[in-house]
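Chemist: The structure follows.
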Amino acid sequence: MKEIFGVSPRMVATVWQRHADVWIRTWKTNLLPPLLEPILYLLGFGFGVGAYIHEMGGVTYVEFIAPSILAISMMFGAFFEATYAAFVRMYYQRTWQALAATPASADDVLVGELFWATTKSVVNATLMTIAIIFVGFVVDIQLLDWTGALMMPIVAIPIGLMFSGMGLILTARTPSIDWFNIPFFLFINPMFILAGTFFPLDKFPEIAQNIALCLPLTHAALITRSLAYGEFGMDVLGSVAYVLLLMPLMMYLGVTRCRKRIVS
Amino acid sequence: MLLLGTRDVGAVSEPAIVAKGLRKSFGDLVAVDNIDLEIPSGICFGLLGPNGAGKTTTIRMLQAASPLSGGSLEVLGRDVVTDGRAVRSRIGVVPQEDNLDPDFTAEYNLIVYARYYGIRGSVAREKTAELLEEVGLTEKAGEKVPHLSGGMKRRLIVARGLINDPELLVLDEPTTGLDPQARHRVWDQIRKYRRKGRTVLLTTHYMDEAELLCDDLAIIDQGRILIRGPPRKLIDETVGREAIEFVASPFDGGEQALDRIAERAAESNIKSSRIADRVIAYGDAIESLATEFESDSKIHDTIRRRATLEDVFLQLTGRQLRE
């Protein structure tokens with residue numbers, strides 16, 4: 001069987017297909033919640049708060065938060081899948097163990113998890129892009145640059161892989177499913193607010209700016225922002241480099257840490 | 001030509017499993033302690049022992065889900081360390097736990113599992129229908145897993161383990177927690193598969209199950225093999241054919257009565273096991289013991305029966321199974 005670093009692409013695809021099968025069978029309950037929440041943010045904050053704020057970072061408030069919400073939906077798609085959903089498969093359903101008894105190896109199973117979690121990022125990015133364009137039509141504002149809109153599902157791939165790798169690192173360590181509340185409370189939620197998503201970073205105190213620049217969501221949001229505004233300038237290259245460096249590192253750590261949960 | 005011929009003969013009688021100096025430790029705990037074991041093809045082999053004896057660890061090593069701490073392990077002529085994927089493609093594993101996909105139907109569980117062996121499309125559907133028929137689940141094909149009973153789930157897991165027509169079927173405590181009827185159905189499945197000339201390796205802590213199904217077996221405890229051989233031979237050699245149980249109340253002088261029996265057995269060179277509320281004596285000379293103690297007022301009951309594997313185990317370890 002063909003292998004890349006000991007991982008069989010055919011087995012990874014088969015693992016991925018199993019997750020997709022489950023998702024398709026339960027799509028009614030799976031599709032709506034991750035979409036509704038960001039749309040509520042867009043409408044509530046964008047138009048509610050936006051009515052009192054004429055301009056934020058040089059654009060209207062709804063234009064400002066539209067790309068942020070895209071980045072957030074990419075993060076949540078991958079992170080949720082690689083933590084809570086992966087833990088259910090690993091611990092409650094023992095799916096990983098069942099798959100590792102077939103020709104698929106532990107690494108195949110885990111790389112399959114990474115790709116599946118990333119698929120959720122891409123799906124979220126695609127649906128959110130369509131929803132934002134639709135909202136834009138209704139209120140007669142172009143919220144996304146057309147080329148940028150087409151690029152959203154593509155940038156969701158490296159961003160999704162980075163966040164799903166982080167998720168697997170946590171899954172490797174977590175003793176119980178409730179324990180995920182801690183990283184969500186201490187890491188994901190603060191990032192959600194402070195990563196230049198709901199207000200621009202340049203009004204922050206300098207130390208806060210530097211902290212924010214270390215956060216992965218900050219760079220994901222800078223990338224989606226530049227795409228949404230149709231400005232693919234040099235200033236976003238740093239963020240692209242950040243994601244492209246962190247992505248393989250997180251993937252590697254996620255797979256190697258989680259391996260012990262299957263092979264022991 | 002001659003060399004080729006020799007190889008062919010070798011291939012036919014090639015053992016299914018060869019373990020040499022097999023070891024596995026988790027920190028200070030030694031789960032498998034220097035096991036040498038060769039299991040020929042085409043038989044049903046039992047790995048017996050109490051919980052924590054090292055049975056599940058051994059099975060996990062067979063499928064390369066547990067790295068070896070020492071020694072070597074070959075399955076179907078392939079080294080599990082270097083060739084785990086190839087080994088797994090030719091064996092079927094029935095785990096102890098229920099790890100079926102709860103979101104899928106019984107049928108779809110098998111179809112999805114078949115993909116890992118490269119079985120897809122109409123071939124997979126036919127194979128699935130055939131296996132469901134074989135385990136008596138055809139009518140439940142469209143039922144989701146949570147709606148199946150424990151016995152049905154177990155049979156479905158056995159069917160799943162057979163999806164790739166394995167040369168070796170490995171079952172880890174296949175009937176633990178099942179009601180008597182469900183146990184018999186699982187036993188039937190194992191026998192059916194065995195009759196095709198394939199190799200079966202099963203672990204159990206039920207001695208009756210092992211006696212019924214296994215051609216050959218090893219009793220292990222604390223990671224070591226205590227004894228190995230065909231069940232009837234082990235019984236005959238270790239405890240003989242007959243056994244007699246003296247049952248007493250553990251209170252009101254019953255203990256002392258049992259102690260006296262055990263003492264007398266030792267004096268007369270009769271093998272015996274002292275457990276909880278009874279003494280079990282073995283061998284040809286037990287009738288003399290019976291005449292002496294049968295009428296003892298402290299002895300409630302004297303049971304004559306055939307010796308079983310459980311007696312072998314008691315003799316070897318001097319204690320009860322830690323269930």
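Letters A, B, ... mark the chains of the structure tokens in the order given; residue numbers begin at 1 per chain; ligand numbers begin at 1, in order shown.
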Just need the residues of chain A within 10 Å of chain B, counting only C-alpha atoms, so spit them out as JSON, numbers by chain.

Modeler: {"A": [1, 10, 11, 12, 13, 14, 15, 17, 18, 21, 22, 23, 25, 26, 89, 90, 92, 93, 94, 95, 96, 97, 98, 99, 100, 101, 102, 103, 104, 105, 106, 260, 262, 263, 264]}

Chemist: What lies within 6 Å of Thr105 in chain B using only C-alpha atoms, ignoring chain neighbours under 6 positions off, as an MDAnalysis selection string?

Modeler: chainID B and resid 142:145

Chemist: Considering only C-alpha atoms, can you say which of B:Arg155, B:Arg228, B:Arg78, B:Arg160 comes closest to Asp188 in chain B?

Modeler: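 The shortest atom-to-atom distance to Asp188 in chain B comes from B:Arg155.
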
Chemist: Please measure the separation of CA of Leu309 in chain B and CA of Leu213 in chain B, giving the value in Å to one decimal.

Modeler: 12.4 Å

Chemist: Separation of CA of Phe64 in chain A and CA of Ile159 in chain A, in Å?

Modeler: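 Between CA of Phe64 in chain A and CA of Ile159 in chain A the gap works out to 19.8 Å.
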